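Novice: Contents of structure_5.cif (mmCIF, C-alpha atoms) are given next:
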data_target
#
loop_
_atom_site.label_atom_id
_atom_site.label_comp_id
_atom_site.auth_asym_id
_atom_site.auth_seq_id
_atom_site.Cartn_x
_atom_site.Cartn_y
_atom_site.Cartn_z
CA MET A 1 47.45 -0.79 -1.72
CA GLN A 2 45.94 0.28 -5.03
CA ALA A 3 44.07 -3.00 -5.39
CA SER A 4 42.49 -2.61 -1.97
CA VAL A 5 41.35 0.95 -2.69
CA LEU A 6 39.95 -0.22 -6.01
CA SER A 7 37.93 -3.03 -4.41
CA ALA A 8 36.60 -0.62 -1.77
CA VAL A 9 35.50 1.81 -4.49
CA LEU A 10 33.96 -1.07 -6.46
CA TYR A 11 32.01 -2.06 -3.35
CA VAL A 12 30.69 1.48 -2.88
CA ILE A 13 29.54 1.62 -6.52
CA LEU A 14 28.41 -1.97 -7.16
CA GLY A 15 27.24 -2.80 -3.61
CA PRO A 16 23.74 -1.33 -3.99
CA VAL A 17 23.35 -2.84 -7.48
CA ALA A 18 24.17 -6.32 -6.19
CA GLY A 19 22.09 -5.77 -3.04
CA GLY A 20 19.10 -4.59 -5.08
CA PHE A 21 19.24 -7.61 -7.36
CA LEU A 22 19.58 -9.91 -4.34
CA ALA A 23 16.42 -8.35 -2.90
CA GLY A 24 14.70 -8.70 -6.28
CA PHE A 25 15.56 -12.37 -6.61
CA ASP A 26 14.50 -12.84 -2.99
CA ARG A 27 11.02 -11.52 -3.78
CA LYS A 28 10.79 -13.60 -6.95
CA ILE A 29 11.91 -16.82 -5.24
CA THR A 30 9.65 -16.15 -2.26
CA ALA A 31 6.69 -15.64 -4.61
CA ARG A 32 7.47 -18.88 -6.45
CA MET A 33 7.69 -20.77 -3.16
CA GLN A 34 4.19 -19.48 -2.37
CA GLY A 35 2.84 -20.42 -5.80
CA ARG A 36 2.69 -16.80 -7.01
CA GLN A 37 4.11 -15.08 -10.06
CA GLY A 38 5.94 -12.42 -8.10
CA PRO A 39 7.13 -8.94 -9.09
CA SER A 40 9.90 -8.10 -11.53
CA VAL A 41 13.48 -8.67 -10.41
CA LEU A 42 13.94 -4.90 -10.74
CA GLN A 43 11.12 -4.22 -8.27
CA PRO A 44 13.41 -3.18 -5.35
CA PHE A 45 14.93 -0.49 -7.62
CA TYR A 46 11.46 0.76 -8.56
CA ASP A 47 10.61 0.90 -4.86
CA LEU A 48 13.78 2.83 -4.08
CA PHE A 49 13.21 5.42 -6.82
CA LYS A 50 9.59 5.75 -5.75
CA LEU A 51 10.65 6.45 -2.17
CA PHE A 52 13.12 9.11 -3.31
CA ASN A 53 10.25 10.78 -5.18
CA LYS A 54 7.87 10.85 -2.24
CA GLN A 55 7.31 13.70 0.15
CA ALA A 56 9.48 13.24 3.26
CA LEU A 57 7.57 13.57 6.51
CA VAL A 58 10.42 14.16 8.91
CA VAL A 59 9.31 13.75 12.51
CA ASN A 60 12.40 15.45 13.97
CA ASN A 61 15.75 16.83 12.84
CA VAL A 62 17.93 14.32 14.61
CA GLN A 63 16.32 11.31 12.90
CA ASP A 64 17.55 12.46 9.51
CA PHE A 65 21.11 12.74 10.81
CA LEU A 66 21.00 9.35 12.55
CA VAL A 67 19.81 7.51 9.45
CA TRP A 68 22.61 9.15 7.47
CA GLY A 69 25.00 7.93 10.17
CA PHE A 70 23.64 4.41 9.68
CA LEU A 71 24.26 4.56 5.94
CA VAL A 72 27.74 6.09 6.23
CA PHE A 73 28.94 3.53 8.77
CA VAL A 74 27.48 0.56 6.90
CA VAL A 75 29.29 1.73 3.76
CA PHE A 76 32.45 2.27 5.83
CA THR A 77 32.13 -1.26 7.24
CA GLY A 78 31.78 -2.86 3.83
CA ALA A 79 34.45 -0.72 2.18
CA LEU A 80 36.93 -1.56 4.94
CA PHE A 81 36.12 -5.26 4.60
CA PHE A 82 36.50 -5.37 0.83
CA ALA A 83 39.66 -3.28 1.05
CA GLY A 84 41.12 -6.13 3.14
CA GLY A 85 41.09 -4.28 6.45
CA ASP A 86 41.00 -5.47 10.03
CA LEU A 87 38.10 -7.85 10.68
CA LEU A 88 37.61 -6.67 14.27
CA LEU A 89 37.40 -3.02 13.22
CA VAL A 90 34.93 -4.07 10.52
CA PHE A 91 32.65 -5.77 13.06
CA PHE A 92 32.87 -2.86 15.52
CA ALA A 93 31.96 -0.40 12.75
CA LEU A 94 28.97 -2.60 11.89
CA THR A 95 27.81 -2.46 15.50
CA LEU A 96 28.18 1.32 15.52
CA ALA A 97 26.05 1.51 12.37
CA GLY A 98 23.43 -0.64 14.10
CA ILE A 99 23.42 1.72 17.09
CA PHE A 100 22.80 4.69 14.77
CA PHE A 101 19.79 2.87 13.32
CA ILE A 102 18.42 2.03 16.77
CA MET A 103 18.87 5.63 17.91
CA SER A 104 16.95 6.88 14.89
CA ALA A 105 14.02 4.65 15.85
CA CYS A 106 14.27 5.75 19.50
CA SER A 107 14.19 9.42 18.53
CA ALA A 108 10.62 9.16 17.25
CA ASN A 109 7.64 9.36 19.56
CA SER A 110 5.87 6.32 18.19
CA PRO A 111 5.49 3.35 20.56
CA TYR A 112 5.89 1.02 17.57
CA SER A 113 9.26 2.35 16.58
CA SER A 114 10.50 2.33 20.20
CA MET A 115 9.33 -1.25 20.52
CA GLY A 116 11.20 -2.06 17.32
CA ALA A 117 14.31 -0.41 18.76
CA GLN A 118 14.09 -2.48 21.94
CA ARG A 119 13.73 -5.67 19.92
CA GLU A 120 16.64 -4.67 17.70
CA LEU A 121 18.79 -4.30 20.84
CA MET A 122 17.68 -7.77 21.89
CA GLN A 123 18.65 -9.08 18.45
CA MET A 124 22.09 -7.46 18.75
CA MET A 125 22.52 -9.13 22.11
CA ALA A 126 21.68 -12.45 20.45
CA TYR A 127 23.97 -12.23 17.41
CA GLU A 128 26.92 -10.18 18.67
CA PRO A 129 28.76 -13.09 20.46
CA MET A 130 28.68 -15.18 17.29
CA VAL A 131 30.02 -12.28 15.21
CA LEU A 132 32.98 -11.92 17.59
CA LEU A 133 33.58 -15.69 17.47
CA VAL A 134 33.85 -15.45 13.68
CA GLY A 135 36.66 -12.91 14.10
CA ILE A 136 38.43 -15.00 16.73
CA GLY A 137 37.98 -18.15 14.65
CA PHE A 138 39.66 -16.56 11.62
CA TYR A 139 42.51 -15.39 13.85
CA ASP A 140 42.94 -18.88 15.27
CA VAL A 141 43.08 -20.48 11.83
CA THR A 142 45.16 -17.94 9.93
CA GLY A 143 47.00 -16.03 12.67
CA SER A 144 45.66 -12.67 11.51
CA PHE A 145 42.62 -10.43 11.78
CA SER A 146 43.39 -8.79 8.47
CA VAL A 147 40.99 -9.83 5.69
CA LYS A 148 43.82 -9.66 3.15
CA ASP A 149 46.02 -12.02 5.17
CA ILE A 150 43.09 -14.38 5.80
CA ILE A 151 42.53 -14.79 2.05
CA HIS A 152 46.24 -15.35 1.36
CA ALA A 153 46.78 -17.59 4.40
CA GLY A 154 47.05 -20.85 2.44
CA SER A 155 45.45 -23.27 0.05
CA VAL A 156 42.98 -24.75 2.55
CA PRO A 157 39.85 -22.61 3.08
CA ALA A 158 38.98 -21.53 6.63
CA ILE A 159 35.69 -23.43 6.51
CA ALA A 160 37.64 -26.71 6.69
CA TYR A 161 38.84 -25.74 10.16
CA MET A 162 35.70 -24.02 11.40
CA PRO A 163 32.56 -25.59 9.95
CA GLY A 164 30.81 -25.07 13.30
CA ILE A 165 31.49 -21.34 13.27
CA PHE A 166 30.22 -21.21 9.68
CA VAL A 167 26.93 -22.86 10.70
CA GLY A 168 26.65 -20.47 13.65
CA PHE A 169 27.21 -17.52 11.32
CA LEU A 170 24.49 -18.76 8.96
CA TRP A 171 22.18 -18.90 11.99
CA ILE A 172 22.74 -15.26 12.95
CA LEU A 173 22.58 -14.27 9.29
CA ALA A 174 18.82 -14.84 9.53
CA ILE A 175 18.74 -12.12 12.20
CA LYS A 176 20.93 -9.75 10.19
CA PHE A 177 18.95 -10.28 6.97
CA ARG A 178 15.72 -9.68 8.95
CA LYS A 179 14.37 -13.04 7.89
CA SER A 180 11.76 -15.13 9.63
CA PRO A 181 11.95 -16.79 12.22
CA PHE A 182 14.05 -13.91 13.62
CA ASP A 183 12.47 -10.84 11.97
CA LEU A 184 11.37 -9.38 15.28
CA SER A 185 12.29 -5.70 15.00
CA THR A 186 11.16 -5.03 11.45
CA THR A 187 10.29 -7.04 8.37
CA HIS A 188 9.31 -6.76 4.75
CA HIS A 189 6.15 -8.71 5.35
CA ALA A 190 3.03 -6.70 5.98
CA HIS A 191 0.72 -6.63 8.96
CA GLN A 192 2.85 -7.44 11.90
CA GLU A 193 1.82 -6.63 15.43
CA MET A 194 3.85 -3.42 15.62
CA VAL A 195 3.28 -1.94 12.15
CA LYS A 196 6.84 -1.80 10.73
CA GLY A 197 8.85 -1.71 13.95
CA LEU A 198 12.08 0.22 13.51
CA THR A 199 11.06 1.89 10.26
CA THR A 200 7.50 2.85 11.27
CA GLU A 201 8.25 6.56 11.55
CA LEU A 202 10.51 6.77 8.52
CA SER A 203 9.12 7.83 5.15
CA GLY A 204 10.11 9.05 1.71
CA ASN A 205 13.81 9.51 1.01
CA ILE A 206 14.82 8.67 4.60
CA LEU A 207 13.21 5.23 4.25
CA ALA A 208 15.00 4.90 0.90
CA LEU A 209 18.33 5.50 2.68
CA VAL A 210 17.53 2.72 5.15
CA GLU A 211 16.71 0.39 2.26
CA LEU A 212 19.99 1.34 0.56
CA SER A 213 21.92 0.68 3.78
CA HIS A 214 20.36 -2.77 4.03
CA TRP A 215 21.53 -3.59 0.51
CA TYR A 216 25.06 -2.52 1.38
CA GLU A 217 24.86 -4.50 4.63
CA ASN A 218 23.61 -7.67 2.91
CA VAL A 219 26.42 -7.59 0.35
CA PHE A 220 28.98 -7.11 3.13
CA LEU A 221 27.52 -10.00 5.16
CA LEU A 222 27.65 -12.29 2.13
CA GLY A 223 31.25 -11.14 1.76
CA VAL A 224 31.95 -12.56 5.22
CA VAL A 225 30.29 -15.82 4.12
CA GLY A 226 32.59 -15.83 1.10
CA LEU A 227 35.64 -15.24 3.30
CA PHE A 228 35.10 -18.72 4.78
CA VAL A 229 35.89 -20.39 1.44
CA MET A 230 38.40 -17.92 -0.03
CA THR A 231 41.96 -19.17 -0.56
CA ASN A 232 44.90 -17.83 -2.54
CA ALA A 233 43.73 -19.74 -5.64
CA TRP A 234 41.91 -17.58 -8.20
CA TRP A 235 39.01 -20.01 -8.66
CA SER A 236 38.12 -19.88 -4.96
CA GLY A 237 36.35 -16.60 -5.75
CA ILE A 238 33.88 -18.45 -7.98
CA ILE A 239 33.25 -21.02 -5.25
CA ALA A 240 32.82 -18.18 -2.75
CA ILE A 241 30.10 -16.56 -4.89
CA ALA A 242 28.35 -19.93 -5.26
CA VAL A 243 28.47 -20.51 -1.50
CA CYS A 244 27.15 -16.96 -0.89
CA LEU A 245 24.20 -17.50 -3.24
CA PHE A 246 23.45 -20.89 -1.69
CA SER A 247 23.53 -19.38 1.83
CA TYR A 248 21.20 -16.62 0.66
CA PHE A 249 18.83 -19.23 -0.76
CA LEU A 250 18.88 -21.09 2.58
CA GLU A 251 17.86 -17.87 4.37
CA ILE A 252 14.98 -17.34 1.93
CA LEU A 253 13.88 -20.94 2.46
CA ALA A 254 13.95 -20.49 6.25
CA ASP A 255 12.02 -17.23 5.81
CA ASN A 256 9.20 -19.07 4.05
CA VAL A 257 9.21 -22.21 6.19
CA PHE A 258 9.36 -20.91 9.75
CA PRO A 259 6.95 -18.57 11.56
CA ARG A 260 8.30 -15.70 13.64
CA VAL A 261 9.42 -16.73 17.15
CA LYS A 262 9.28 -14.84 20.45
CA TRP A 263 12.38 -12.97 21.57
CA GLU A 264 13.05 -15.41 24.44
CA PHE A 265 13.32 -18.28 21.98
CA MET A 266 15.49 -16.25 19.62
CA LEU A 267 17.93 -15.30 22.38
CA LYS A 268 18.11 -18.81 23.86
CA SER A 269 18.41 -20.68 20.58
CA THR A 270 20.97 -18.26 19.15
CA TRP A 271 23.16 -18.43 22.23
CA ILE A 272 22.85 -22.23 22.29
CA ALA A 273 23.82 -22.33 18.60
CA THR A 274 26.71 -20.00 19.39
CA ALA A 275 27.86 -22.18 22.27
CA VAL A 276 27.42 -25.56 20.57
CA ALA A 277 28.55 -24.72 17.05
CA GLY A 278 30.85 -21.78 17.72
CA VAL A 279 32.55 -22.25 21.07
CA VAL A 280 32.97 -26.03 20.71
CA ASN A 281 34.51 -25.51 17.26
CA LEU A 282 36.88 -22.93 18.73
CA LEU A 283 37.85 -25.23 21.63
CA ILE A 284 38.62 -28.11 19.27
CA LEU A 285 40.64 -25.73 17.08
CA THR A 286 42.71 -24.56 20.04
CA TRP A 287 43.12 -28.11 21.24
CA ILE A 288 44.35 -29.71 17.99
CA ARG A 289 46.86 -26.96 17.30
CA MET B 290 11.64 7.60 -16.59
CA LEU B 291 10.92 5.74 -13.41
CA LYS B 292 7.47 6.32 -12.08
CA VAL B 293 5.72 6.14 -8.75
CA SER B 294 3.23 3.80 -10.40
CA LYS B 295 5.91 1.11 -10.65
CA SER B 296 5.73 0.53 -6.92
CA PRO B 297 2.31 1.27 -5.40
CA TRP B 298 2.23 0.40 -1.72
CA LEU B 299 -1.22 0.36 -0.28
CA LEU B 300 -2.80 0.70 3.09
CA HIS B 301 -6.01 -1.16 3.73
CA TYR B 302 -8.40 0.24 6.32
CA ASP B 303 -11.68 -1.37 7.32
CA GLY B 304 -14.15 1.44 8.14
CA SER B 305 -17.48 -0.08 9.12
CA SER B 306 -17.43 -2.83 6.55
CA CYS B 307 -19.17 -6.19 7.01
CA ASN B 308 -15.78 -7.81 6.08
CA GLY B 309 -17.10 -8.93 2.70
CA CYS B 310 -15.00 -6.42 0.78
CA ASP B 311 -12.03 -6.93 3.11
CA ILE B 312 -11.92 -10.61 2.27
CA GLU B 313 -11.99 -9.70 -1.43
CA VAL B 314 -9.16 -7.19 -0.90
CA LEU B 315 -7.05 -9.86 0.75
CA ALA B 316 -8.03 -12.31 -2.01
CA CYS B 317 -6.13 -10.01 -4.40
CA LEU B 318 -2.93 -10.97 -2.58
CA THR B 319 -3.46 -14.72 -2.97
CA PRO B 320 -1.72 -16.79 -5.68
CA VAL B 321 -4.84 -16.64 -7.89
CA TYR B 322 -4.73 -12.85 -8.38
CA ASP B 323 -1.26 -11.99 -6.95
CA VAL B 324 -1.25 -8.18 -7.13
CA GLU B 325 2.35 -8.24 -5.94
CA ARG B 326 3.34 -8.95 -9.54
CA PHE B 327 2.56 -5.26 -10.19
CA GLY B 328 4.76 -4.32 -7.24
CA VAL B 329 1.78 -3.78 -4.92
CA ILE B 330 2.61 -4.29 -1.27
CA ASN B 331 -0.01 -4.31 1.46
CA THR B 332 1.84 -2.21 4.00
CA GLY B 333 0.31 -1.70 7.40
CA ASN B 334 1.85 1.75 7.75
CA PRO B 335 0.32 5.03 6.49
CA LYS B 336 3.77 6.64 6.32
CA HIS B 337 4.90 4.07 3.75
CA ALA B 338 1.67 3.97 1.74
CA ASP B 339 0.80 5.54 -1.62
CA ILE B 340 -2.74 4.25 -1.96
CA PHE B 341 -5.33 4.42 0.81
CA LEU B 342 -7.86 1.65 0.28
CA ILE B 343 -10.98 1.92 2.44
CA THR B 344 -13.88 -0.47 2.80
CA GLY B 345 -17.14 0.32 4.59
CA GLY B 346 -18.91 3.59 5.31
CA ILE B 347 -17.96 6.43 7.60
CA ASN B 348 -19.51 6.71 11.04
CA ALA B 349 -18.91 9.05 13.96
CA GLN B 350 -16.32 6.71 15.47
CA ASN B 351 -14.10 6.05 12.47
CA GLU B 352 -14.21 9.52 10.93
CA PRO B 353 -11.30 10.93 12.99
CA VAL B 354 -9.35 7.72 12.40
CA VAL B 355 -9.72 7.95 8.62
CA LYS B 356 -8.78 11.65 8.69
CA GLN B 357 -5.75 10.90 10.86
CA ILE B 358 -4.48 8.11 8.60
CA TYR B 359 -5.01 10.28 5.50
CA SER B 360 -3.04 13.14 7.03
CA GLN B 361 -0.17 10.80 7.91
CA MET B 362 0.34 9.64 4.33
CA PRO B 363 3.07 11.44 2.38
CA ASN B 364 2.24 13.00 -1.01
CA PRO B 365 1.50 11.94 -3.71
CA LYS B 366 -1.38 9.82 -2.41
CA VAL B 367 -4.60 8.40 -3.81
CA VAL B 368 -7.76 7.26 -2.01
CA VAL B 369 -9.73 4.28 -3.30
CA ALA B 370 -13.19 3.57 -1.87
CA VAL B 371 -13.89 -0.16 -2.22
CA GLY B 372 -17.46 -1.47 -2.11
CA ILE B 373 -20.76 0.35 -2.30
CA CYS B 374 -20.72 1.20 1.44
CA ALA B 375 -17.43 3.09 1.01
CA CYS B 376 -18.82 4.78 -2.12
CA ASN B 377 -22.02 6.20 -0.62
CA GLY B 378 -23.01 4.28 2.52
CA GLY B 379 -24.70 1.38 0.70
CA ILE B 380 -27.51 -0.38 2.54
CA PHE B 381 -26.43 1.33 5.75
CA LYS B 382 -26.94 4.77 4.20
CA ASP B 383 -30.03 5.63 6.26
CA CYS B 384 -28.72 4.27 9.57
CA TYR B 385 -28.63 6.88 12.34
CA ASN B 386 -24.89 6.42 12.94
CA ILE B 387 -23.68 6.44 9.33
CA HIS B 388 -22.46 9.70 7.79
CA GLY B 389 -22.25 8.17 4.31
CA GLY B 390 -19.41 7.22 1.98
CA VAL B 391 -15.72 7.87 2.53
CA ASP B 392 -16.00 11.19 0.67
CA THR B 393 -17.87 12.64 3.66
CA ALA B 394 -14.52 12.55 5.54
CA ILE B 395 -11.69 12.80 2.98
CA PRO B 396 -11.44 13.39 -0.79
CA VAL B 397 -11.88 10.13 -2.73
CA ASP B 398 -10.20 9.64 -6.12
CA ILE B 399 -11.45 6.25 -7.28
CA TYR B 400 -14.79 4.58 -6.52
CA VAL B 401 -15.04 0.79 -6.81
CA PRO B 402 -18.70 -0.23 -6.42
CA GLY B 403 -19.97 -3.74 -5.71
CA CYS B 404 -21.32 -5.75 -2.82
CA ALA B 405 -18.90 -7.23 -2.26
CA ALA B 406 -16.54 -5.65 -4.80
CA ARG B 407 -14.94 -8.44 -6.83
CA PRO B 408 -11.15 -8.86 -6.80
CA GLU B 409 -11.05 -8.01 -10.53
CA ALA B 410 -12.89 -4.76 -9.85
CA ILE B 411 -10.59 -3.91 -6.93
CA MET B 412 -7.50 -4.54 -9.06
CA ASP B 413 -8.98 -2.36 -11.80
CA GLY B 414 -9.50 0.38 -9.23
CA VAL B 415 -5.93 0.04 -8.00
CA VAL B 416 -4.59 0.23 -11.57
CA LYS B 417 -6.59 3.43 -12.13
CA ALA B 418 -5.28 4.79 -8.82
CA VAL B 419 -1.74 4.01 -9.90
CA ALA B 420 -2.17 6.07 -13.09
CA LEU B 421 -3.45 8.93 -10.95
CA LEU B 422 -0.38 8.69 -8.71
CA ASP B 423 1.90 9.63 -11.61
CA GLU B 424 -0.35 12.56 -12.48
CA LYS B 425 -0.25 13.82 -8.92
CA ARG B 426 3.52 13.43 -8.75
CA ASP B 427 3.93 15.54 -11.90
CA GLN B 428 1.59 18.13 -10.42
CA MET B 429 3.68 18.15 -7.22
CA ARG B 430 6.81 18.79 -9.28
CA LYS B 431 5.19 21.66 -11.16
CA GLU B 432 4.08 23.26 -7.89
CA ALA B 433 7.54 22.81 -6.42
CA ALA B 434 9.10 24.43 -9.50
CA GLN B 435 6.88 27.50 -9.23
#
Would you mind writing the file's structure down as structure tokens?
Specialist:
Amino acid sequence: MQASVLSAVLYVILGPVAGGFLAGFDRKITARMQGRQGPSVLQPFYDLFKLFNKQALVVNNVQDFLVWGFLVFVVFTGALFFAGGDLLLVFFALTLAGIFFIMSACSANSPYSSMGAQRELMQMMAYEPMVLLVGIGFYDVTGSFSVKDIIHAGSVPAIAYMPGIFVGFLWILAIKFRKSPFDLSTTHHAHQEMVKGLTTELSGNILALVELSHWYENVFLLGVVGLFVMTNAWWSGIIAIAVCLFSYFLEILADNVFPRVKWEFMLKSTWIATAVAGVVNLLILTWIR
Amino acid sequence: MLKVSKSPWLLHYDGSSCNGCDIEVLACLTPVYDVERFGVINTGNPKHADIFLITGGINAQNEPVVKQIYSQMPNPKVVVAVGICACNGGIFKDCYNIHGGVDTAIPVDIYVPGCAARPEAIMDGVVKAVALLDEKRDQMRKEAAQ
């Protein structure tokens, strides 16, 4: 009990630090891939402090509240996950956080932010089945939805039983990380056809909160990646971190290699990946057991 | 102390420029000059921007646009006029449709002359703008304290 509370508290404190450094290394690696020097690794922190120092142009009262809701539920999601809670509840809380974010974009009058919100809904439609399959897959392998039980299920990591589901999860991770080719609703890259999509109408400290939420979210998502290789052996944690960093590198590589696709292609390809990698894996799993 | 100048996000707007200066502005983002190493991001959104970078002079059509974008930027903000046309109208100064430089519409903080302004000059202008950002932030704080 105490250990789970401790890890949840550690996540709340260290989550943004890890997330910020991940974003910093992302920008550095991206720059190197493009033959540039790139900013300092601390740049995302500079950006965050800058945003907190800027004047906040709030377009309406409800937007402020909705962005706070996004942050609170993302932190709740991650804290519950790292505390060893129920995986299904974790994923449902993540969806709720996403809805808060979409509502904040919808509340503004700007056509760009509404368009971003519509695309974000489309993205949710694309990745949500795969997220649920991850939960079901873990249940099938370990007989429990509880993160704590999944880790202590045995000496063979879950990835050995569900490599297909792992690949499917990496696929939708590109959507969740807002990486090209699936960065439809908003992106870190400048000059897209709808300004900044979801975050167009956000500025100053409210935008900083969104950035902070994304850091928390990214650390949580990498936690799920790590869960695939965690076993009851102590050294599996080291392997989990290595696998997380490698997965993150793969997403950065995809970001730099592929151009953005249209939403039709994203939806079709993600569902096909879900069906081929996820569902087939699950069927085989049910069949051999 | 963390400063605004550590992360200057800029917004690039093409007034009535011939595109010469715009190409030089974009050249700053290429691997040769790479302004992103100073944390500069070319954002397309006035609500996220700290520095408003304008090329080309002001005419009757773009004046309300420039004013609108300027009013949408949160404080502290700095305006940089890039190229001689943005500074005072340049060779188009006497044209019937041209009002003059950017300062005929909004207050300009930094002038970067040249036709076209070289990337080095633009980066110098941005660095000067960045120093001004910190000053303006401190001023904002003082006013808020009063």
Novice: If we count all atoms listed in the file, which residues of chain A reach to within 12 Å of chain B? Please list them as a short mmCIF file (atom, residue, chain, number, x, y, z; two decimals) with C-alpha atoms, in the frame of the given file.
Specialist:
data_model
loop_
_atom_site.label_atom_id
_atom_site.label_comp_id
_atom_site.auth_asym_id
_atom_site.auth_seq_id
_atom_site.Cartn_x
_atom_site.Cartn_y
_atom_site.Cartn_z
CA GLY A 24 14.70 -8.70 -6.28
CA ARG A 27 11.02 -11.52 -3.78
CA LYS A 28 10.79 -13.60 -6.95
CA THR A 30 9.65 -16.15 -2.26
CA ALA A 31 6.69 -15.64 -4.61
CA ARG A 32 7.47 -18.88 -6.45
CA MET A 33 7.69 -20.77 -3.16
CA GLN A 34 4.19 -19.48 -2.37
CA GLY A 35 2.84 -20.42 -5.80
CA ARG A 36 2.69 -16.80 -7.01
CA GLN A 37 4.11 -15.08 -10.06
CA GLY A 38 5.94 -12.42 -8.10
CA PRO A 39 7.13 -8.94 -9.09
CA SER A 40 9.90 -8.10 -11.53
CA VAL A 41 13.48 -8.67 -10.41
CA LEU A 42 13.94 -4.90 -10.74
CA GLN A 43 11.12 -4.22 -8.27
CA PRO A 44 13.41 -3.18 -5.35
CA PHE A 45 14.93 -0.49 -7.62
CA TYR A 46 11.46 0.76 -8.56
CA ASP A 47 10.61 0.90 -4.86
CA LEU A 48 13.78 2.83 -4.08
CA PHE A 49 13.21 5.42 -6.82
CA LYS A 50 9.59 5.75 -5.75
CA LEU A 51 10.65 6.45 -2.17
CA PHE A 52 13.12 9.11 -3.31
CA ASN A 53 10.25 10.78 -5.18
CA LYS A 54 7.87 10.85 -2.24
CA GLN A 55 7.31 13.70 0.15
CA ALA A 56 9.48 13.24 3.26
CA LEU A 57 7.57 13.57 6.51
CA VAL A 58 10.42 14.16 8.91
CA VAL A 59 9.31 13.75 12.51
CA TYR A 112 5.89 1.02 17.57
CA SER A 113 9.26 2.35 16.58
CA THR A 187 10.29 -7.04 8.37
CA HIS A 188 9.31 -6.76 4.75
CA HIS A 189 6.15 -8.71 5.35
CA ALA A 190 3.03 -6.70 5.98
CA HIS A 191 0.72 -6.63 8.96
CA GLN A 192 2.85 -7.44 11.90
CA GLU A 193 1.82 -6.63 15.43
CA MET A 194 3.85 -3.42 15.62
CA VAL A 195 3.28 -1.94 12.15
CA LYS A 196 6.84 -1.80 10.73
CA GLY A 197 8.85 -1.71 13.95
CA LEU A 198 12.08 0.22 13.51
CA THR A 199 11.06 1.89 10.26
CA THR A 200 7.50 2.85 11.27
CA GLU A 201 8.25 6.56 11.55
CA LEU A 202 10.51 6.77 8.52
CA SER A 203 9.12 7.83 5.15
CA GLY A 204 10.11 9.05 1.71
CA ASN A 205 13.81 9.51 1.01
CA ILE A 206 14.82 8.67 4.60
CA LEU A 207 13.21 5.23 4.25
CA ALA A 208 15.00 4.90 0.90
#
Novice: Which residue, B:Ala433, B:Gly403, B:Cys374, B:Leu342, has the smallest gap to B:Val355 when you use only C-alpha atoms?
Specialist: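 For B:Val355, the nearest of the given residues is B:Leu342.
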Novice: Applied to this file, what does the PyMOL selection byres ((chain B and resi 414) around 12) return in terms of residues, put as a ChimeraX atom specification?
Specialist: /B:314,317,340-343,367-372,397-403,406-413,415-421
Novice: Which distance in Å separates atom CA of A:Phe177 and atom CA of A:Gly143, to one decimal?
Specialist: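 Pair atom CA of A:Phe177 / atom CA of A:Gly143 returns 29.2 Å.
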Novice: In terms of the shortest atom-to-atom distance over all atoms listed in the file, which of A:Ile252, A:Met115, A:Phe246, A:Phe166 is closest to A:Leu184?
Specialist: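 Nearest to A:Leu184: A:Met115.
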Novice: Do a neighbour search on stretch 379-386 of chain B at 9 Å with all atoms listed in the file, toss out local chain neighbours closer than 3 positions, and write the hits as a ChimeraX atom specification.
Specialist: /B:345-350,372-376,389-390,404
Novice: Just the number, please: distance in Å from atom CA of A:Ala240 to atom CA of A:Val219, one decimal.
Specialist: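 It comes out at 12.8 Å.
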Novice: Would you kindly identify which residues have an atom no farther than 12 Å from (30.2, 0.7, -6.2), using all atoms listed in the file and the file's own coordinates, and write them out as a list in words?
Specialist: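 Answer for this query, in the requested form: Val5, Leu6, Ser7, Ala8, Val9, Leu10, Tyr11, Val12, Ile13, Leu14, Gly15, Pro16, Val17, Ala18, Gly19, Val75, Gly78, Ala79, Phe82, Trp215, Tyr216 and Val219 of chain A.
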Novice: For the atom pair atom CA of A:Ala108 and atom CA of A:Leu96, what is the interatomic distance in Å to one decimal place?
Specialist: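 Rounded to one decimal, the two atoms are 19.3 Å apart.
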Novice: Could you list, as a list in words, every residue matched by the PyMOL selection byres ((chain A and resi 102) around 10) in this structure?
Specialist: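 This file gives the following for the PyMOL selection byres ((chain A and resi 102) around 10): Leu66, Val67, Phe70, Leu96, Ala97, Gly98, Ile99, Phe100, Phe101, Met103, Ser104, Ala105, Cys106, Ser107, Ser113, Ser114, Gly116, Ala117, Gln118, Arg119, Glu120, Leu121, Leu198 and Thr199 of chain A.
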Novice: Would you pick out the contacts of A:Gly135 at 10 Å or less, using all atoms listed in the file, so that residues sharing its chain but fewer than 6 positions from it are not included, and give the list as a ChimeraX atom specification?
Specialist: /A:86-91,144-147,165
Novice: Contacts of A:Met162 at 8 Å or less, counting only C-alpha atoms, minus same-chain residues fewer than 4 places along, as a PyMOL selection string?
Specialist: chain A and resi 137+158+166+281-282+285
